[in-house]
Amino acid sequence: MDTALRLFEVHGVLAIFAIVFAKRMGVPVPALPFLLLAGAQGVDDGVFALKVLAAAAGACVLAGSGWFLAGPRDGRLMLNLLCRISISPGSCIRTSERAFSRAGAMAVLSAKFIPGVAGMAPPLAGAMGMRLASFSLLNFVGTVLWAGTGIAAGLLLHRQVAGVIRTLDEMGSAAVPVLLLAFAAYLGWLAVRRLMVALAVGSAPKLQPRELAAMLARGEPVVVVDVRGGGVSPGGRIPGAVHAPPDSEQFLALFELPASTDLVTYCDCPSDVSAARAALTLRKRGLSAWLLAGGMPAWRAADLPVEEAEPLAMSKREAQAASAA
């Protein structure tokens, strides 16, 4: 353990840069323990703590700028990619869109502190048209606050951190399996989260794209609900679909429909998570709701008609926030 600490003292700045960069690129690695350790080390070496803060800020700015620049062209693709490797696949897109809807540009500043939003904020900000200078400033300040909080906590709790390190040191070689077990528990937690998402999706009744197309062709009274958020959703939707993201006024209005109404929700996020949750919410209200299996990508893949004339728009608040940034 002493050897590990000496290595951290020598290579800690580079380690923090690599860990934070990986985290901001979407890899679900824990960064807080290393920031706490750096803070505890900073009690005796303030320069080391400042170097770690600079490394964390540089890593976040570098990773965030890359995602931001990809946002205007491939915003939804980038978000889907991040969601596939996040602890909350699919739902993280909607969480991020909600954060921007409520806080506007300031969501970039606070994103690092919101689980599931930190990685989504850069491509979402780029897709929503935020200026690069505004994003860079907010991203940098937010990073300094986030990393600084972790380091400051390590400074304040340096005795406790030192106690943990001392305990591991006393354990000697036995500390290795303990740390491996802790890491395995972390991976297990991620697996459980993903399993919960899969179970939620699996419990929602599904319709295949051609089944829905046949219902529409026969003129059956079915309401197709597009639950994708504004700002990054691609132009084009299923003909006649109602744009009603969860928690929006349009979605809440669906609760007033007669119980005999058939509804089909769809999205384009991984595993149909947003659409599944929307369908389950509607069913809890006594409505007859299904999700479209595969969402918009499956509909397009089946070569079914798409309305291209009315792309999804940002909400009024999202548009004002983006233009003001």
# chains A, B, ... in the order shown; residues from 1 in each chain; ligands from 1
call {"tool": "residues_around", "arguments": {"residues": "segment 160-165 of chain A", "least_positions_apart": "5", "cutoff": "8 Å", "atoms": "only C-alpha atoms", "output": "list of chain:residue names"}}
result
A:Met1, A:Leu36, A:Leu37, A:Ala40, A:Gly154
call {"tool": "select_by_dssp", "arguments": {"residues": "segment 134-303 of chain A", "states": "alpha helix (DSSP H)", "output": "NGL selection string"}}
result
:A and (134-156 or 158-171 or 175-202 or 209-217 or 249-253 or 273-284 or 295-301)
call {"tool": "atom_distance", "arguments": {"atom1": "atom CA of Leu292 of chain A", "atom2": "atom CA of Glu249 of chain A"}}
result
21.8 Å
call {"tool": "atom_distance", "arguments": {"atom1": "atom CA of Gly150 of chain A", "atom2": "atom CA of Val178 of chain A"}}
result
23.5 Å
call {"tool": "residues_around", "arguments": {"residues": "segment 204-206 of chain A", "least_positions_apart": "3", "cutoff": "8 Å", "atoms": "only C-alpha atoms", "output": "count of residues only"}}
result
11
call {"tool": "decode", "arguments": {"residues": "segment 230-309 of chain A", "atoms": "C-alpha atoms", "output": "PDB file, in the first residue's frame"}}
result
ATOM      1  CA  GLY A 230     -36.920  18.812 -28.088  1.00  0.00           C
ATOM      2  CA  GLY A 231     -33.679  20.265 -29.334  1.00  0.00           C
ATOM      3  CA  VAL A 232     -31.816  17.114 -30.377  1.00  0.00           C
ATOM      4  CA  SER A 233     -34.529  14.915 -31.854  1.00  0.00           C
ATOM      5  CA  PRO A 234     -34.154  14.474 -35.609  1.00  0.00           C
ATOM      6  CA  GLY A 235     -36.602  15.987 -38.036  1.00  0.00           C
ATOM      7  CA  GLY A 236     -39.246  13.512 -38.918  1.00  0.00           C
ATOM      8  CA  ARG A 237     -41.853  11.558 -37.019  1.00  0.00           C
ATOM      9  CA  ILE A 238     -44.529   8.946 -37.526  1.00  0.00           C
ATOM     10  CA  PRO A 239     -47.386  10.548 -39.474  1.00  0.00           C
ATOM     11  CA  GLY A 240     -49.981  12.057 -37.165  1.00  0.00           C
ATOM     12  CA  ALA A 241     -47.912  11.495 -34.009  1.00  0.00           C
ATOM     13  CA  VAL A 242     -48.468  13.781 -31.026  1.00  0.00           C
ATOM     14  CA  HIS A 243     -45.278  15.288 -29.622  1.00  0.00           C
ATOM     15  CA  ALA A 244     -45.668  14.810 -25.843  1.00  0.00           C
ATOM     16  CA  PRO A 245     -42.441  14.311 -23.844  1.00  0.00           C
ATOM     17  CA  PRO A 246     -42.984  12.992 -20.295  1.00  0.00           C
ATOM     18  CA  ASP A 247     -43.824  15.709 -17.749  1.00  0.00           C
ATOM     19  CA  SER A 248     -44.885  18.111 -20.507  1.00  0.00           C
ATOM     20  CA  GLU A 249     -48.349  19.686 -20.613  1.00  0.00           C
ATOM     21  CA  GLN A 250     -49.089  17.680 -23.740  1.00  0.00           C
ATOM     22  CA  PHE A 251     -48.275  14.416 -21.969  1.00  0.00           C
ATOM     23  CA  LEU A 252     -50.348  15.295 -18.913  1.00  0.00           C
ATOM     24  CA  ALA A 253     -53.251  16.094 -21.235  1.00  0.00           C
ATOM     25  CA  LEU A 254     -53.237  12.464 -22.369  1.00  0.00           C
ATOM     26  CA  PHE A 255     -54.487  11.469 -18.903  1.00  0.00           C
ATOM     27  CA  GLU A 256     -57.833  13.065 -19.769  1.00  0.00           C
ATOM     28  CA  LEU A 257     -58.456  10.805 -22.766  1.00  0.00           C
ATOM     29  CA  PRO A 258     -61.221   8.182 -22.521  1.00  0.00           C
ATOM     30  CA  ALA A 259     -60.078   4.856 -21.070  1.00  0.00           C
ATOM     31  CA  SER A 260     -60.973   3.162 -24.341  1.00  0.00           C
ATOM     32  CA  THR A 261     -58.333   5.176 -26.227  1.00  0.00           C
ATOM     33  CA  ASP A 262     -55.416   3.165 -27.619  1.00  0.00           C
ATOM     34  CA  LEU A 263     -52.021   4.864 -27.335  1.00  0.00           C
ATOM     35  CA  VAL A 264     -48.622   3.855 -28.716  1.00  0.00           C
ATOM     36  CA  THR A 265     -45.508   5.593 -27.409  1.00  0.00           C
ATOM     37  CA  TYR A 266     -42.148   5.703 -29.135  1.00  0.00           C
ATOM     38  CA  CYS A 267     -38.700   7.266 -28.783  1.00  0.00           C
ATOM     39  CA  ASP A 268     -35.276   6.694 -30.294  1.00  0.00           C
ATOM     40  CA  CYS A 269     -33.210   6.062 -27.181  1.00  0.00           C
ATOM     41  CA  PRO A 270     -31.431   2.770 -26.403  1.00  0.00           C
ATOM     42  CA  SER A 271     -33.739  -0.044 -25.276  1.00  0.00           C
ATOM     43  CA  ASP A 272     -36.875   2.124 -25.722  1.00  0.00           C
ATOM     44  CA  VAL A 273     -36.583   3.180 -22.080  1.00  0.00           C
ATOM     45  CA  SER A 274     -38.346   6.544 -22.353  1.00  0.00           C
ATOM     46  CA  ALA A 275     -41.198   5.087 -24.402  1.00  0.00           C
ATOM     47  CA  ALA A 276     -41.566   2.123 -22.026  1.00  0.00           C
ATOM     48  CA  ARG A 277     -41.800   4.336 -18.964  1.00  0.00           C
ATOM     49  CA  ALA A 278     -44.272   6.611 -20.708  1.00  0.00           C
ATOM     50  CA  ALA A 279     -46.441   3.642 -21.689  1.00  0.00           C
ATOM     51  CA  LEU A 280     -46.369   2.258 -18.142  1.00  0.00           C
ATOM     52  CA  THR A 281     -47.301   5.674 -16.742  1.00  0.00           C
ATOM     53  CA  LEU A 282     -50.280   5.864 -19.089  1.00  0.00           C
ATOM     54  CA  ARG A 283     -51.356   2.321 -18.191  1.00  0.00           C
ATOM     55  CA  LYS A 284     -51.269   3.212 -14.496  1.00  0.00           C
ATOM     56  CA  ARG A 285     -53.767   5.940 -15.367  1.00  0.00           C
ATOM     57  CA  GLY A 286     -56.104   3.304 -16.746  1.00  0.00           C
ATOM     58  CA  LEU A 287     -55.319   3.926 -20.406  1.00  0.00           C
ATOM     59  CA  SER A 288     -54.579   1.273 -23.022  1.00  0.00           C
ATOM     60  CA  ALA A 289     -50.949   1.948 -23.980  1.00  0.00           C
ATOM     61  CA  TRP A 290     -48.170   0.079 -25.799  1.00  0.00           C
ATOM     62  CA  LEU A 291     -44.651   1.009 -26.797  1.00  0.00           C
ATOM     63  CA  LEU A 292     -43.380   0.779 -30.334  1.00  0.00           C
ATOM     64  CA  ALA A 293     -40.641  -1.869 -30.331  1.00  0.00           C
ATOM     65  CA  GLY A 294     -37.414  -0.343 -31.612  1.00  0.00           C
ATOM     66  CA  GLY A 295     -38.883   3.151 -31.743  1.00  0.00           C
ATOM     67  CA  MET A 296     -38.229   5.521 -34.604  1.00  0.00           C
ATOM     68  CA  PRO A 297     -35.136   3.649 -35.855  1.00  0.00           C
ATOM     69  CA  ALA A 298     -37.191   0.448 -36.276  1.00  0.00           C
ATOM     70  CA  TRP A 299     -39.974   2.387 -38.008  1.00  0.00           C
ATOM     71  CA  ARG A 300     -37.502   3.838 -40.501  1.00  0.00           C
ATOM     72  CA  ALA A 301     -35.790   0.458 -40.952  1.00  0.00           C
ATOM     73  CA  ALA A 302     -39.151  -1.037 -41.936  1.00  0.00           C
ATOM     74  CA  ASP A 303     -39.359   1.591 -44.700  1.00  0.00           C
ATOM     75  CA  LEU A 304     -42.600   3.005 -43.300  1.00  0.00           C
ATOM     76  CA  PRO A 305     -43.788   6.568 -44.031  1.00  0.00           C
ATOM     77  CA  VAL A 306     -42.261   9.464 -42.094  1.00  0.00           C
ATOM     78  CA  GLU A 307     -43.420  13.059 -41.809  1.00  0.00           C
ATOM     79  CA  GLU A 308     -40.380  15.213 -42.512  1.00  0.00           C
ATOM     80  CA  ALA A 309     -42.115  18.587 -42.722  1.00  0.00           C
TER      81      ALA A 309
END
